[in-house]
Amino acid sequence: MTTADVRPQPVAPAKGPGPDRESGARLTHRLFVVRELGILLALVLLVAVTFGVNQRFLSAQNVKDLLLGSTILAILAVGQAIVIITRNVDLSVGSILGLSAFGTGVLFVNNPGVPIPLAILIGVALGAACGAVNGGLIAAARVPALVVTLGTLYVFRGIDHTWATGRQINAADMPRDFLRMGTATVLGVPVLALFAVAVLVAAGYLLRNYRSGRELYAIGSDPDAARLSGIAVGRRVFFAFMASGALAGLAGVLYAARFGTLDANAGLGIELNVVAAVVVGGVAIFGGSGSVYGAALGAVLLTTIGSALPVLGVTPFWQRAAVGALILAAIGLDRALAVRMARRLRGGKTRGN
């Protein structure tokens, strides 16, 4: 986690780094590490309590199912985090996933011998094209992302329904090697989970170490100030949505590999779970702070909640209420940390004067 993970606070001009700036960086890093560790602690406590009630909860098969269940949501959450960091939101990811999943099935039905890596690339390209539509409308026309992606949510889903025309693609229609990818493991870790880890590491590295990634935080903190400082805001937002679409396309391919049976309803309604995972994971809904690591942790936490609460005898209604309470708590915690950090930085600045 770096100082780019939070909204920059105004500071007095300084000739060098200075003790105040260094202490501010340490405080920023410490606060956001604590926030993500809090998510991890909540996950560990939930697993421990559930294991105490039913020890089969941590059986090898159940752990594998938890990893598989969180993989697709985590990949979508990484893409969504990139978008939300820029102070936008992508509500169309579920429809993009469904379109890519069904497109992958059609590809295998019409071309049984197509190589699996090529099918993955085609699915990612289809998702990236959908993301480019979102990004183009938002960046060029400057239409609010909420409005654009709400519209494309229905447009992409409508295209999927028109394409499917009520038919269903079954596992028997797709290659065995492709379907095996959805259940295979490497040293006990599902192959699909390895895809999610690769996506997470790559996205985290780009956001932390590349200027283009760090500029996304500046855009989310203050788009007008970022534009005045010379950042190509429109282009960065466009590529953020394109990245989100590409990851939704990848999630669609992995969805097809895992479930095998596909129709036009694949991924229906998952976009709300994705936004919830990102917010619970500590990415500020108003942009400018958070990390893809926290978003992935949020996805794992929500998936674990969905599996653990039935074991604890909690009804579906209270399961949804628990997720809602987590979202409210995450927003409140984010605000409290931001206020505390601003107060500490102002205090350090005053002492420095």
# chains A, B, ... in the order shown; residues from 1 in each chain; ligands from 1
>>> residues_around(residues="region 261-271 of chain A", least_positions_apart="4", cutoff="10 Å", atoms="only C-alpha atoms", output="NGL selection string")
:A and (72-73 or 76-77 or 80 or 90-106 or 153 or 157-174 or 251-252 or 255-257 or 275-277)
>>> residues_around(residues="Pro190 (chain A)", least_positions_apart="4", cutoff="10 Å", atoms="only C-alpha atoms", output="list in words")
Lys64, Asp65, Leu67, Leu68, Thr71, Met181, Gly182, Thr183, Ala184, Thr185, Val186, Leu194 and Phe195 of chain A
>>> residues_around(residues="Gly135 (chain A)", least_positions_apart="3", cutoff="7 Å", atoms="only C-alpha atoms", output="PDB file with N, CA, C and O atoms, in the first residue's frame")
ATOM      1  N   GLY A 131     -16.169  -3.130 -22.457  1.00  0.00           N
ATOM      2  CA  GLY A 131     -15.623  -2.103 -21.576  1.00  0.00           C
ATOM      3  C   GLY A 131     -15.257  -0.845 -22.330  1.00  0.00           C
ATOM      4  O   GLY A 131     -15.408   0.274 -21.808  1.00  0.00           O
ATOM      5  N   ALA A 132     -14.778  -1.009 -23.565  1.00  0.00           N
ATOM      6  CA  ALA A 132     -14.434   0.160 -24.387  1.00  0.00           C
ATOM      7  C   ALA A 132     -15.675   0.978 -24.724  1.00  0.00           C
ATOM      8  O   ALA A 132     -15.613   2.214 -24.800  1.00  0.00           O
ATOM      9  N   ILE A 138     -18.369   7.341 -21.447  1.00  0.00           N
ATOM     10  CA  ILE A 138     -18.113   8.095 -20.217  1.00  0.00           C
ATOM     11  C   ILE A 138     -17.022   9.139 -20.429  1.00  0.00           C
ATOM     12  O   ILE A 138     -17.156  10.290 -20.005  1.00  0.00           O
ATOM     13  N   ALA A 139     -15.936   8.735 -21.086  1.00  0.00           N
ATOM     14  CA  ALA A 139     -14.791   9.639 -21.242  1.00  0.00           C
ATOM     15  C   ALA A 139     -15.038  10.699 -22.308  1.00  0.00           C
ATOM     16  O   ALA A 139     -14.704  11.874 -22.120  1.00  0.00           O
ATOM     17  N   VAL A 237      -9.585   7.034 -17.653  1.00  0.00           N
ATOM     18  CA  VAL A 237     -10.888   6.464 -17.311  1.00  0.00           C
ATOM     19  C   VAL A 237     -11.317   5.454 -18.372  1.00  0.00           C
ATOM     20  O   VAL A 237     -11.856   4.385 -18.059  1.00  0.00           O
ATOM     21  N   PHE A 238     -11.050   5.780 -19.638  1.00  0.00           N
ATOM     22  CA  PHE A 238     -11.379   4.853 -20.721  1.00  0.00           C
ATOM     23  C   PHE A 238     -10.687   3.507 -20.521  1.00  0.00           C
ATOM     24  O   PHE A 238     -11.324   2.444 -20.606  1.00  0.00           O
ATOM     25  N   PHE A 239      -9.397   3.537 -20.228  1.00  0.00           N
ATOM     26  CA  PHE A 239      -8.656   2.288 -20.060  1.00  0.00           C
ATOM     27  C   PHE A 239      -9.040   1.565 -18.765  1.00  0.00           C
ATOM     28  O   PHE A 239      -8.951   0.346 -18.692  1.00  0.00           O
ATOM     29  N   PHE A 241     -12.130   1.393 -17.591  1.00  0.00           N
ATOM     30  CA  PHE A 241     -13.332   0.637 -17.951  1.00  0.00           C
ATOM     31  C   PHE A 241     -13.002  -0.509 -18.909  1.00  0.00           C
ATOM     32  O   PHE A 241     -13.619  -1.581 -18.837  1.00  0.00           O
ATOM     33  N   MET A 242     -12.036  -0.289 -19.759  1.00  0.00           N
ATOM     34  CA  MET A 242     -11.628  -1.360 -20.670  1.00  0.00           C
ATOM     35  C   MET A 242     -11.013  -2.521 -19.878  1.00  0.00           C
ATOM     36  O   MET A 242     -11.261  -3.698 -20.178  1.00  0.00           O
TER      37      MET A 242
END
>>> select_by_dssp(residues="region 183-324 of chain A", states="helix (DSSP H, G or I)", output="PyMOL selection string")
chain A and resi 191-209+211-221+223-228+233-259+270-280+292-311+316-324
>>> residues_around(residues="Val311 (chain A)", least_positions_apart="4", cutoff="8 Å", atoms="only C-alpha atoms", output="MDAnalysis selection string")
chainID A and resid 50 53:54 307
>>> write_last_selection(atoms="N, CA and C atoms", output="CSV table (one decimal), in the first residue's frame")
chain,number,residue,atom,x,y,z
A,50,THR,N,-17.3,-20.9,12.5
A,50,THR,CA,-18.0,-21.9,11.8
A,50,THR,C,-17.4,-23.3,11.9
A,53,VAL,N,-18.5,-24.9,15.0
A,53,VAL,CA,-19.8,-25.5,15.0
A,53,VAL,C,-19.8,-26.8,14.2
A,54,ASN,N,-19.1,-26.7,13.0
A,54,ASN,CA,-19.1,-27.9,12.2
A,54,ASN,C,-17.7,-28.1,11.6
A,307,SER,N,-21.3,-19.1,2.6
A,307,SER,CA,-21.2,-20.6,2.9
A,307,SER,C,-21.3,-20.8,4.4
>>> select_by_dssp(residues="region 106-198 of chain A", states="strand (DSSP E or B)", output="mmCIF file with N, CA and C atoms, in the first residue's frame")
data_model
loop_
_atom_site.group_PDB
_atom_site.id
_atom_site.type_symbol
_atom_site.label_atom_id
_atom_site.label_comp_id
_atom_site.auth_asym_id
_atom_site.auth_seq_id
_atom_site.Cartn_x
_atom_site.Cartn_y
_atom_site.Cartn_z
ATOM 1 N N ILE A 169 -26.499 -24.167 -23.759
ATOM 2 C CA ILE A 169 -25.301 -24.922 -24.130
ATOM 3 C C ILE A 169 -24.941 -25.814 -22.953
ATOM 4 N N THR A 185 -6.741 -29.019 -10.057
ATOM 5 C CA THR A 185 -5.967 -28.364 -9.007
ATOM 6 C C THR A 185 -4.474 -28.525 -9.264
ATOM 7 N N VAL A 186 -3.705 -27.610 -8.704
ATOM 8 C CA VAL A 186 -2.243 -27.683 -8.722
ATOM 9 C C VAL A 186 -1.781 -27.603 -7.269
ATOM 10 N N VAL A 189 -4.481 -26.503 -5.018
ATOM 11 C CA VAL A 189 -5.097 -25.197 -5.272
ATOM 12 C C VAL A 189 -5.806 -25.245 -6.627
ATOM 13 N N PRO A 190 -7.086 -24.869 -6.694
ATOM 14 C CA PRO A 190 -7.796 -24.892 -7.971
ATOM 15 C C PRO A 190 -7.113 -24.022 -9.025
#
>>> closest_residue(among="A:Ala308, A:Gly234, A:Leu250, A:Val279", to="Pro117 (chain A)", atoms="only C-alpha atoms")
A:Leu250
>>> atom_distance(atom1="CA of Ile120 (chain A)", atom2="CA of Leu254 (chain A)")
8.5 Å
>>> residues_around(residues="region 314-331 of chain A", least_positions_apart="5", cutoff="8 Å", atoms="only C-alpha atoms", output="PyMOL selection string")
chain A and resi 276+279-282+284-285+302+305-306+309
>>> closest_residue(among="A:Leu312, A:Val201, A:Ala240, A:Ile219", to="Asn134 (chain A)", atoms="only C-alpha atoms")
A:Ala240
>>> closest_residue(among="A:Leu66, A:Ala193, A:Ala218, A:Leu301", to="Val278 (chain A)", atoms="only C-alpha atoms")
A:Leu301
>>> residues_around(residues="region 287-300 of chain A", least_positions_apart="5", cutoff="8 Å", atoms="only C-alpha atoms", output="PyMOL selection string")
chain A and resi 1+4-7+32+36+39-40+67+70+73-75+77-78+81-82+84-88+200+203-204+216-222+274+276-282
>>> atom_distance(atom1="CA of Gly79 (chain A)", atom2="CA of Gly38 (chain A)")
22.3 Å
>>> atom_distance(atom1="CA of Ser244 (chain A)", atom2="CA of Ala226 (chain A)")
21.4 Å
>>> closest_residue(among="A:Thr304, A:Pro310, A:Arg343, A:Ala140", to="Val47 (chain A)", atoms="only C-alpha atoms")
A:Thr304
